[in-house]
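Structure first, then comments.
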Protein chains: 2
Amino acid sequence: MQSFADRLSDAVRDRRTPLCVGIDPHLHLLPTSVRRRFEGLSGRAYREAAAIAVGDWAVMVLEAVEGAVPAVKPQVAFFEALGAPGVVALERVVDVARQLDLIVVLDAKRGDIGSTAEAYAHGALDDDGPLASDSVTLAPYLGPESLAPFLKRCDAGKGVFLLVRTSNPGASVWQTEGAEPAAPKVAAWVEAQSAERLGDCGLGPVGAVVAATVPDEAKAWRAAMPSAWFLVPGYGAQGGGAADVAPLFRDDGLGALINSSRGVLFGEGDEDDYRAAVRRRADRAADELGRVAGLR
Amino acid sequence: MQSFADRLSDAVRDRRTPLCVGIDPHLHLLPTSVRRRFEGLSGRAYREAAAIAVGDWAVMVLEAVEGAVPAVKPQVAFFEALGAPGVVALERVVDVARQLDLIVVLDAKRGDIGSTAEAYAHGALDDDGPLASDSVTLAPYLGPESLAPFLKRCDAGKGVFLLVRTSNPGASVWQTEGAEPAAPKVAAWVEAQSAERLGDCGLGPVGAVVAATVPDEAKAWRAAMPSAWFLVPGYGAQGGGAADVAPLFRDDGLGALINSSRGVLFGEGDEDDYRAAVRRRADRAADELGRVAGLR
């Protein structure tokens, strides 16, 4: 099987943009026609109706961005909050995304040890498992050894993005502050793992989450992890601009997948023609980021 | 609503043991009568049959330990690996456990930011959400500010256990090694949060995961977090003995909930009378730990 890093590189080159569209079903922001399918209900009936509506909505988004972007990032928390029906919807979203040739980054931030980590890896990544995604986000606190089941999947064509430097206001406290902060140690591990598994594109399948909201650190993170794909949150609604992410790309425009969720999903024109409005916003962001990366 | 720390203290005093039974459905270890309900199937049919069988098995375990232990800890990963049907089973397990007066520690190790963290907190803890558990395990990497939605639930009678010191062989790398390691910083935050929210028992609802496998550190963790309940993995199958956990209790025997999963769930006699075998093992561990804690 082709390496995840190469599949991602091919998709980014093909669409000439590093834009990844986050699939974050904020229920109160959905178009009226979707919201009215569950508003007024409560408890289990609410969750069931909302989950079906959210699944239909997400498929609309996927169809809208098909061909325009290389990847999508479903945010597991929003689906999980709807219980089992939400997980049915999530399985549908991943399945449709892969059919539409969109690379799936499952944003789950999982992390556990031993047989439990193995269960999470199977659930998220294996093609005979329930979600069968291309890649998943992971949290590092439990130590490098705990990530072994995920590395096994990286050797079989899948990918991971390990949290290194996140976009929230308080991220620095346990990531970059102090004498020997955690983030550079995690980054060193990411680099070593990807360097051992380089694809033809010169990048490996063990990636890092690096925020768009700390532009003064961007160059240093790129230098610390030359072999890793970055998944970059914080562009758009969270305040990061296109110029802020520029130093995260390699010279060839690869190496950073820039996520936008709310900026693409919700805005002007949604009540008239939702699919067209999403496509218009995706095209605009794809173009801006494609130019910054030097892919257009 | 009574504070989570007080509810847990009452339950531990009432059962006179700090034993928490982990609900970890290792599919290959289940009794033959359960396993034969899904063996030979594959794909979606396998997951559906396995999930229903796992739900029935877990209810057997809950009925077996009812009255004997204060708490149970379902391991989300094993249910999630079965997809949406697995989540249906998990919802059933939590529901039955609460009906049987067992405090539920949802072992999910979640962690995210902003509206995503809010969605995880709602999904795991809110009584009008899908799982409505008493408490949940969390991963700390994203920073204290990211935990705000969970603290809000702690102020409304729920609890959390933040990963501080875990039981896996490589845990030290990103937890306790180096000039200013992460674990003591996370511990300081846990203590501060629980100290602000003390219940009548003198403990707060913001707890810590502290492993049974590092007995030489146990006294120091107890001293660092005098106001926090500990959730202690690693006893039994993972190698920690009753003597190893002794320093984790306060003088009154409260303050540490000791988890055993495989040691209670699987063993001799399972093929004859599974419920009786589980109860026998639970009673034995409950007694051993009750004595070490000074509750018997």
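Just remember, in the structure tokens the first chain shown is A, the second B, etc., residues are 1-based per chain, and ligands are 1-based in the order shown.
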Counting only C-alpha atoms, a student should be able to say which residues of chain A come within 8 Å of chain B; what is the right answer, written as a compact mmCIF listing (two decimals) with all heavy atoms, in the first residue's frame?
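In the end it all went to result-v8.txt:
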# COMPACT_ATOMS: atom_id res chain seq x y z
N GLY A 43 -33.88 14.45 24.71
CA GLY A 43 -33.42 13.11 25.08
C GLY A 43 -33.04 12.28 23.87
O GLY A 43 -32.47 12.77 22.90
N ARG A 44 -33.39 11.00 23.94
CA ARG A 44 -32.99 10.05 22.91
C ARG A 44 -33.58 10.41 21.53
O ARG A 44 -32.91 10.27 20.50
CB ARG A 44 -33.42 8.64 23.32
CG ARG A 44 -32.76 7.53 22.56
CD ARG A 44 -33.17 6.18 23.12
NE ARG A 44 -32.65 6.00 24.47
CZ ARG A 44 -31.58 5.27 24.77
NH1 ARG A 44 -30.92 4.64 23.80
NH2 ARG A 44 -31.16 5.14 26.01
N GLN A 75 -14.75 15.96 13.30
CA GLN A 75 -14.46 16.14 14.73
C GLN A 75 -15.34 15.15 15.52
O GLN A 75 -16.54 15.34 15.65
CB GLN A 75 -14.75 17.58 15.11
CG GLN A 75 -14.60 17.90 16.57
CD GLN A 75 -13.30 17.39 17.15
OE1 GLN A 75 -13.28 16.32 17.78
NE2 GLN A 75 -12.21 18.11 16.92
N ALA A 77 -15.88 14.43 18.59
CA ALA A 77 -16.62 14.84 19.80
C ALA A 77 -18.07 15.21 19.49
O ALA A 77 -18.98 14.87 20.24
CB ALA A 77 -15.93 16.03 20.46
N PHE A 78 -18.28 15.93 18.37
CA PHE A 78 -19.64 16.39 18.06
C PHE A 78 -20.56 15.23 17.71
O PHE A 78 -21.76 15.27 17.98
CB PHE A 78 -19.61 17.40 16.91
CG PHE A 78 -18.94 18.70 17.28
CD1 PHE A 78 -17.71 19.04 16.75
CD2 PHE A 78 -19.54 19.57 18.17
CE1 PHE A 78 -17.09 20.23 17.08
CE2 PHE A 78 -18.93 20.77 18.51
CZ PHE A 78 -17.70 21.10 17.97
N GLU A 80 -19.98 12.01 18.80
CA GLU A 80 -20.08 11.24 20.03
C GLU A 80 -21.10 11.83 21.00
O GLU A 80 -21.74 11.09 21.76
CB GLU A 80 -18.69 11.26 20.68
CG GLU A 80 -18.31 9.99 21.36
CD GLU A 80 -16.88 10.06 21.87
OE1 GLU A 80 -15.98 9.71 21.10
OE2 GLU A 80 -16.69 10.47 23.03
N ALA A 81 -21.24 13.16 20.99
CA ALA A 81 -22.19 13.82 21.90
C ALA A 81 -23.63 13.43 21.58
O ALA A 81 -24.53 13.65 22.39
CB ALA A 81 -22.02 15.34 21.83
N LEU A 82 -23.85 12.87 20.39
CA LEU A 82 -25.19 12.41 20.01
C LEU A 82 -25.37 10.91 20.28
O LEU A 82 -26.36 10.31 19.86
CB LEU A 82 -25.46 12.74 18.53
CG LEU A 82 -25.44 14.24 18.20
CD1 LEU A 82 -25.51 14.47 16.70
CD2 LEU A 82 -26.60 14.96 18.90
N GLY A 83 -24.40 10.31 20.97
CA GLY A 83 -24.52 8.90 21.35
C GLY A 83 -24.37 7.97 20.15
O GLY A 83 -23.79 8.34 19.12
N ALA A 84 -24.90 6.76 20.29
CA ALA A 84 -24.74 5.76 19.24
C ALA A 84 -25.26 6.24 17.87
O ALA A 84 -24.59 6.00 16.85
CB ALA A 84 -25.42 4.45 19.65
N PRO A 85 -26.39 6.95 17.80
CA PRO A 85 -26.82 7.44 16.49
C PRO A 85 -25.79 8.39 15.87
O PRO A 85 -25.62 8.42 14.64
CB PRO A 85 -28.13 8.18 16.78
CG PRO A 85 -28.60 7.66 18.10
CD PRO A 85 -27.38 7.26 18.86
N VAL A 87 -22.60 8.10 16.21
CA VAL A 87 -21.51 7.26 15.68
C VAL A 87 -21.93 6.62 14.36
O VAL A 87 -21.11 6.48 13.44
CB VAL A 87 -21.07 6.22 16.73
CG1 VAL A 87 -20.00 5.30 16.17
CG2 VAL A 87 -20.54 6.95 17.98
N VAL A 88 -23.21 6.27 14.23
CA VAL A 88 -23.72 5.81 12.93
C VAL A 88 -23.47 6.89 11.87
O VAL A 88 -22.98 6.60 10.77
CB VAL A 88 -25.23 5.48 13.00
CG1 VAL A 88 -25.80 5.20 11.61
CG2 VAL A 88 -25.50 4.30 13.93
N GLU A 91 -19.75 7.12 10.99
CA GLU A 91 -19.33 6.02 10.11
C GLU A 91 -19.74 6.33 8.66
O GLU A 91 -18.98 6.10 7.73
CB GLU A 91 -19.94 4.69 10.58
CG GLU A 91 -19.35 4.22 11.92
CD GLU A 91 -20.01 2.94 12.48
OE1 GLU A 91 -20.81 2.31 11.77
OE2 GLU A 91 -19.71 2.59 13.65
N LYS A 109 -8.16 12.68 18.97
CA LYS A 109 -7.21 12.94 20.07
C LYS A 109 -7.20 11.79 21.06
O LYS A 109 -7.23 12.00 22.27
CB LYS A 109 -7.51 14.29 20.73
CG LYS A 109 -7.38 15.45 19.73
CD LYS A 109 -7.45 16.81 20.37
CE LYS A 109 -7.28 17.92 19.36
NZ LYS A 109 -8.41 18.11 18.42
N ARG A 110 -7.14 10.56 20.56
CA ARG A 110 -7.13 9.39 21.42
C ARG A 110 -5.74 9.17 21.99
O ARG A 110 -4.74 9.67 21.47
CB ARG A 110 -7.56 8.15 20.63
CG ARG A 110 -9.01 8.19 20.15
CD ARG A 110 -9.98 8.27 21.31
NE ARG A 110 -11.36 8.10 20.89
CZ ARG A 110 -12.24 9.10 20.75
NH1 ARG A 110 -11.90 10.34 21.00
NH2 ARG A 110 -13.49 8.84 20.39
N GLY A 111 -5.68 8.38 23.05
CA GLY A 111 -4.41 8.02 23.66
C GLY A 111 -4.68 7.08 24.80
O GLY A 111 -5.47 7.38 25.69
N ASP A 112 -4.06 5.90 24.77
CA ASP A 112 -4.19 4.95 25.86
C ASP A 112 -3.03 3.97 25.76
O ASP A 112 -2.11 4.21 24.98
CB ASP A 112 -5.56 4.25 25.82
CG ASP A 112 -6.07 3.95 27.23
OD1 ASP A 112 -5.36 3.25 27.97
OD2 ASP A 112 -7.14 4.44 27.58
N ILE A 113 -3.07 2.90 26.55
CA ILE A 113 -1.90 2.02 26.60
C ILE A 113 -2.30 0.58 26.25
O ILE A 113 -3.47 0.22 26.33
CB ILE A 113 -1.26 2.03 28.00
CG1 ILE A 113 -2.22 1.45 29.06
CG2 ILE A 113 -0.87 3.45 28.38
CD1 ILE A 113 -1.59 1.29 30.43
N GLY A 114 -1.29 -0.20 25.87
CA GLY A 114 -1.46 -1.64 25.70
C GLY A 114 -2.63 -2.03 24.83
O GLY A 114 -2.85 -1.48 23.74
N THR A 116 -5.68 -1.44 25.15
CA THR A 116 -6.65 -0.38 24.96
C THR A 116 -6.25 0.51 23.78
O THR A 116 -7.09 0.89 22.96
CB THR A 116 -6.77 0.47 26.24
OG1 THR A 116 -6.86 -0.41 27.36
CG2 THR A 116 -7.98 1.34 26.20
N ALA A 117 -4.96 0.83 23.69
CA ALA A 117 -4.46 1.59 22.55
C ALA A 117 -4.67 0.80 21.26
O ALA A 117 -5.04 1.35 20.22
CB ALA A 117 -2.98 1.93 22.73
N ALA A 119 -7.09 -1.28 20.72
CA ALA A 119 -8.52 -1.18 20.39
C ALA A 119 -8.84 0.16 19.72
O ALA A 119 -9.60 0.22 18.75
CB ALA A 119 -9.37 -1.37 21.65
N TYR A 120 -8.25 1.25 20.23
CA TYR A 120 -8.49 2.55 19.60
C TYR A 120 -7.93 2.58 18.18
O TYR A 120 -8.56 3.11 17.26
CB TYR A 120 -7.86 3.68 20.42
CG TYR A 120 -8.71 4.18 21.56
CD1 TYR A 120 -8.21 4.31 22.85
CD2 TYR A 120 -10.04 4.56 21.35
CE1 TYR A 120 -8.99 4.79 23.90
CE2 TYR A 120 -10.84 5.03 22.40
CZ TYR A 120 -10.30 5.14 23.67
OH TYR A 120 -11.08 5.62 24.70
N HIS A 122 -7.42 0.05 16.15
CA HIS A 122 -8.28 -0.76 15.29
C HIS A 122 -9.55 0.01 14.95
O HIS A 122 -9.95 0.10 13.78
CB HIS A 122 -8.63 -2.09 15.98
CG HIS A 122 -9.68 -2.86 15.26
ND1 HIS A 122 -9.44 -3.49 14.06
CD2 HIS A 122 -10.99 -3.08 15.55
CE1 HIS A 122 -10.56 -4.07 13.64
NE2 HIS A 122 -11.51 -3.85 14.53
N GLY A 123 -10.18 0.58 15.96
CA GLY A 123 -11.45 1.28 15.75
C GLY A 123 -11.34 2.45 14.79
O GLY A 123 -12.25 2.71 14.00
N ALA A 124 -10.22 3.15 14.84
CA ALA A 124 -10.08 4.36 14.03
C ALA A 124 -9.55 4.07 12.63
O ALA A 124 -9.96 4.71 11.67
CB ALA A 124 -9.14 5.34 14.73
N ASP A 128 -10.94 -3.13 8.25
CA ASP A 128 -12.03 -4.01 8.66
C ASP A 128 -12.64 -3.56 10.00
O ASP A 128 -13.43 -4.29 10.60
CB ASP A 128 -11.57 -5.46 8.73
CG ASP A 128 -10.49 -5.67 9.81
OD1 ASP A 128 -9.92 -4.66 10.30
OD2 ASP A 128 -10.22 -6.83 10.15
N GLY A 129 -12.31 -2.36 10.44
CA GLY A 129 -12.91 -1.80 11.66
C GLY A 129 -14.07 -0.88 11.30
O GLY A 129 -14.41 -0.72 10.13
N PRO A 130 -14.69 -0.26 12.32
CA PRO A 130 -15.91 0.52 12.07
C PRO A 130 -15.66 1.85 11.35
O PRO A 130 -16.53 2.30 10.62
CB PRO A 130 -16.46 0.77 13.47
CG PRO A 130 -15.30 0.62 14.40
CD PRO A 130 -14.38 -0.39 13.76
N LEU A 131 -14.52 2.51 11.54
CA LEU A 131 -14.35 3.83 10.95
C LEU A 131 -13.41 3.84 9.75
O LEU A 131 -13.64 4.57 8.80
CB LEU A 131 -13.89 4.83 12.02
CG LEU A 131 -15.04 5.25 12.96
CD1 LEU A 131 -14.53 6.01 14.15
CD2 LEU A 131 -16.09 6.07 12.21
N ALA A 139 -3.12 12.07 21.33
CA ALA A 139 -2.56 12.85 22.43
C ALA A 139 -1.35 12.10 22.98
O ALA A 139 -1.37 10.87 23.08
CB ALA A 139 -3.60 13.04 23.52
N PRO A 140 -0.28 12.81 23.35
CA PRO A 140 0.99 12.15 23.64
C PRO A 140 1.28 11.79 25.10
O PRO A 140 2.24 11.08 25.34
CB PRO A 140 2.01 13.20 23.18
CG PRO A 140 1.35 14.50 23.44
CD PRO A 140 -0.13 14.27 23.26
N TYR A 141 0.49 12.21 26.07
CA TYR A 141 0.93 12.17 27.47
C TYR A 141 1.39 10.80 27.97
O TYR A 141 2.25 10.70 28.84
CB TYR A 141 -0.20 12.70 28.37
CG TYR A 141 0.21 13.01 29.78
CD1 TYR A 141 0.93 14.16 30.08
CD2 TYR A 141 -0.09 12.14 30.82
CE1 TYR A 141 1.30 14.46 31.37
CE2 TYR A 141 0.29 12.43 32.12
CZ TYR A 141 0.99 13.59 32.39
OH TYR A 141 1.37 13.87 33.68
N LEU A 142 0.82 9.72 27.41
CA LEU A 142 1.11 8.38 27.95
C LEU A 142 2.47 7.82 27.52
O LEU A 142 2.86 6.74 27.97
CB LEU A 142 -0.01 7.43 27.57
CG LEU A 142 -1.33 7.74 28.32
CD1 LEU A 142 -2.52 7.26 27.54
CD2 LEU A 142 -1.31 7.12 29.70
N GLY A 143 3.17 8.53 26.67
CA GLY A 143 4.53 8.10 26.32
C GLY A 143 4.63 7.43 24.98
O GLY A 143 3.67 6.86 24.47
N PRO A 144 5.83 7.49 24.38
CA PRO A 144 6.06 6.96 23.02
C PRO A 144 5.68 5.49 22.90
O PRO A 144 5.07 5.09 21.90
CB PRO A 144 7.58 7.13 22.84
CG PRO A 144 8.06 7.99 23.93
CD PRO A 144 7.04 8.07 24.99
N GLU A 145 6.00 4.71 23.92
CA GLU A 145 5.73 3.27 23.86
C GLU A 145 4.24 2.98 23.69
O GLU A 145 3.84 2.01 23.07
CB GLU A 145 6.30 2.61 25.12
CG GLU A 145 5.60 1.39 25.63
CD GLU A 145 4.63 1.75 26.77
OE1 GLU A 145 4.68 2.88 27.27
OE2 GLU A 145 3.82 0.89 27.12
N SER A 146 3.38 3.89 24.22
CA SER A 146 1.93 3.67 24.14
C SER A 146 1.42 3.82 22.71
O SER A 146 0.31 3.41 22.40
CB SER A 146 1.20 4.66 25.05
OG SER A 146 1.24 5.98 24.51
N THR A 166 -0.69 23.21 20.34
CA THR A 166 -2.09 23.41 19.97
C THR A 166 -2.49 24.89 19.97
O THR A 166 -1.71 25.75 20.39
CB THR A 166 -3.01 22.59 20.89
OG1 THR A 166 -2.83 23.01 22.25
CG2 THR A 166 -2.71 21.10 20.77
N ASN A 168 -5.11 26.56 21.39
CA ASN A 168 -5.92 27.18 22.44
C ASN A 168 -5.09 28.15 23.29
O ASN A 168 -3.86 27.99 23.39
CB ASN A 168 -6.55 26.10 23.34
CG ASN A 168 -5.54 25.09 23.87
OD1 ASN A 168 -4.71 24.61 23.12
ND2 ASN A 168 -5.60 24.78 25.14
N PRO A 169 -5.76 29.14 23.90
CA PRO A 169 -5.02 30.18 24.65
C PRO A 169 -4.11 29.61 25.76
O PRO A 169 -3.03 30.13 25.99
CB PRO A 169 -6.13 31.03 25.27
CG PRO A 169 -7.41 30.63 24.64
CD PRO A 169 -7.22 29.36 23.91
N GLY A 170 -4.53 28.54 26.43
CA GLY A 170 -3.74 28.02 27.54
C GLY A 170 -2.81 26.88 27.16
O GLY A 170 -2.29 26.17 28.03
N ALA A 171 -2.59 26.67 25.86
CA ALA A 171 -1.81 25.52 25.40
C ALA A 171 -0.40 25.49 25.97
O ALA A 171 0.16 24.43 26.24
CB ALA A 171 -1.76 25.51 23.88
N SER A 172 0.20 26.67 26.14
CA SER A 172 1.61 26.72 26.50
C SER A 172 1.91 26.09 27.87
O SER A 172 2.98 25.55 28.08
CB SER A 172 2.10 28.17 26.49
OG SER A 172 1.34 28.94 27.40
N VAL A 173 0.94 26.14 28.79
CA VAL A 173 1.21 25.76 30.18
C VAL A 173 1.87 24.39 30.31
O VAL A 173 2.87 24.23 31.01
CB VAL A 173 -0.08 25.82 31.02
CG1 VAL A 173 0.21 25.46 32.48
CG2 VAL A 173 -0.71 27.21 30.95
N TRP A 174 1.31 23.37 29.65
CA TRP A 174 1.90 22.03 29.74
C TRP A 174 2.61 21.64 28.44
O TRP A 174 2.94 20.48 28.24
CB TRP A 174 0.83 21.00 30.13
CG TRP A 174 0.33 21.22 31.52
CD1 TRP A 174 1.02 21.76 32.57
CD2 TRP A 174 -0.97 20.92 32.03
NE1 TRP A 174 0.23 21.82 33.69
CE2 TRP A 174 -1.00 21.31 33.40
CE3 TRP A 174 -2.13 20.35 31.48
CZ2 TRP A 174 -2.13 21.16 34.20
CZ3 TRP A 174 -3.24 20.20 32.28
CH2 TRP A 174 -3.24 20.60 33.63
N GLN A 175 2.83 22.58 27.53
CA GLN A 175 3.47 22.24 26.25
C GLN A 175 4.83 22.93 26.06
O GLN A 175 5.79 22.29 25.63
CB GLN A 175 2.54 22.61 25.08
CG GLN A 175 1.33 21.69 24.98
CD GLN A 175 0.31 22.12 23.93
OE1 GLN A 175 0.63 22.84 22.99
NE2 GLN A 175 -0.93 21.69 24.09
N GLY A 178 8.60 26.34 30.90
CA GLY A 178 9.49 25.63 31.83
C GLY A 178 10.84 25.31 31.23
O GLY A 178 11.13 25.61 30.07
N ALA A 179 11.66 24.67 32.04
CA ALA A 179 13.05 24.42 31.66
C ALA A 179 13.17 23.39 30.53
O ALA A 179 13.99 23.53 29.64
CB ALA A 179 13.83 23.94 32.89
N GLU A 180 12.37 22.36 30.60
CA GLU A 180 12.46 21.30 29.58
C GLU A 180 11.05 20.94 29.14
O GLU A 180 10.53 19.88 29.50
CB GLU A 180 13.11 20.05 30.18
CG GLU A 180 14.58 19.93 29.92
CD GLU A 180 15.13 18.62 30.49
OE1 GLU A 180 14.62 17.55 30.09
OE2 GLU A 180 16.04 18.68 31.32
N PRO A 181 10.39 21.83 28.39
CA PRO A 181 8.97 21.62 28.09
C PRO A 181 8.72 20.37 27.23
O PRO A 181 9.63 19.85 26.58
CB PRO A 181 8.57 22.88 27.35
CG PRO A 181 9.83 23.47 26.85
CD PRO A 181 10.92 23.05 27.79
N ALA A 182 7.46 19.93 27.26
CA ALA A 182 7.11 18.67 26.62
C ALA A 182 7.10 18.74 25.10
O ALA A 182 7.54 17.80 24.42
CB ALA A 182 5.73 18.22 27.11
N LYS A 185 10.10 17.75 23.04
CA LYS A 185 10.41 16.32 23.19
C LYS A 185 9.48 15.49 22.30
O LYS A 185 9.92 14.53 21.65
CB LYS A 185 10.22 15.87 24.63
CG LYS A 185 11.16 16.51 25.64
CD LYS A 185 11.05 15.78 26.97
CE LYS A 185 11.22 16.71 28.14
NZ LYS A 185 11.03 16.08 29.44
N VAL A 186 8.21 15.85 22.29
CA VAL A 186 7.26 15.13 21.45
C VAL A 186 7.63 15.35 19.98
O VAL A 186 7.61 14.41 19.17
CB VAL A 186 5.81 15.59 21.74
CG1 VAL A 186 4.83 14.84 20.85
CG2 VAL A 186 5.45 15.36 23.21
With only C-alpha atoms as the counted atoms, please give the residues lying no more than 8 Å from segment 5-22 of chain B, apart from itself and same-chain residues fewer than 4 positions off, as a count of residues only.
39
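Distance annotation: of B:Leu29, B:Val232, B:Leu41, B:Leu151, the residue with the minimal separation from Val54 of chain B is B:Leu29; atom set is only C-alpha atoms.
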Among B:Val160, B:Val206, B:Leu248, B:Ala243, Ala218 of chain B is approached most closely, using only C-alpha atoms, by B:Leu248
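Those residues that approach segment 33-39 of chain A to within 9 Å, counting only C-alpha atoms, are A:Leu27, A:His28, A:Leu29, A:Leu30, A:Ser42, A:Ala45, A:Tyr46, A:Arg47, A:Glu48, A:Ala49, A:Ala50, A:Ala51, A:Ile52, A:Ala53, A:Val54, A:Asp56, A:Trp57, A:Glu271; same-chain residues fewer than 3 positions away are not listed.
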The residue from B:Gly241, B:Val210, B:Gly294, B:Met1 with the smallest atom-to-atom distance to Leu162 of chain B, counting only C-alpha atoms, is B:Val210
Enumerate as a JSON list (two decimals) with C-alpha atoms, in the first residue's frame all residues of segment 16-119 of chain A assigned to strand (DSSP E or B) by DSSP on the backbone, naming them with the chain letters and numbers the document uses.
[["chain", "number", "residue", "atom", "x", "y", "z"],
["A", 19, "LEU", "CA", -6.85, 23.13, 2.72],
["A", 20, "CYS", "CA", -8.49, 20.52, 4.94],
["A", 21, "VAL", "CA", -12.17, 21.08, 5.73],
["A", 22, "GLY", "CA", -13.14, 20.34, 9.32],
["A", 23, "ILE", "CA", -16.51, 18.60, 9.68],
["A", 71, "ALA", "CA", -8.79, 16.18, 2.92],
["A", 72, "VAL", "CA", -11.54, 16.49, 5.50],
["A", 73, "LYS", "CA", -11.35, 16.29, 9.29],
["A", 74, "PRO", "CA", -14.47, 15.03, 11.09],
["A", 75, "GLN", "CA", -14.46, 16.14, 14.73],
["A", 103, "ILE", "CA", -8.48, 11.81, 2.71],
["A", 104, "VAL", "CA", -9.98, 11.43, 6.18],
["A", 105, "VAL", "CA", -8.25, 12.83, 9.27],
["A", 106, "LEU", "CA", -10.29, 11.53, 12.18],
["A", 107, "ASP", "CA", -9.98, 14.19, 14.88],
["A", 108, "ALA", "CA", -10.28, 12.00, 17.97],
["A", 109, "LYS", "CA", -7.21, 12.94, 20.07],
["A", 110, "ARG", "CA", -7.13, 9.39, 21.42]]
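For the pair atom CA of Arg284 of chain B and atom CA of Ala220 of chain B, the interatomic distance is 28.5 Å.
Relative to atom CA of Glu63 of chain B, atom CA of Arg92 of chain B is found at 13.2 Å.
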- Message: If we count only C-alpha atoms and set the cut-off at 6 Å, which residues sit around Gly240 of chain B, ignoring sequence neighbours fewer than 5 positions away in its own chain? Please answer as a list in words.
- Response: Ala212, Thr213, Gly234 and Tyr235 of chain B
Any chance you could export the current selection's C-alpha atoms as a PDB file, in the first residue's frame?
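See again31.pdb below for the written result:
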ATOM      1  CA  ALA B 212       0.064   1.108  41.315  1.00  0.00           C
ATOM      2  CA  THR B 213       3.224   0.117  39.449  1.00  0.00           C
ATOM      3  CA  GLY B 234      -1.980  -1.469  37.557  1.00  0.00           C
ATOM      4  CA  TYR B 235      -3.155  -3.562  40.520  1.00  0.00           C
TER       5      TYR B 235
END
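The spacing separating atom CA of Ala277 of chain B from atom CA of Asp95 of chain B amounts to 23.4 Å.
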- request: Just the alpha helix (DSSP H) stuff from segment 101-195 of chain B, please, per backbone DSSP, written as an MDAnalysis selection string.
  value: chainID B and resid 114:125 148:154 182:195
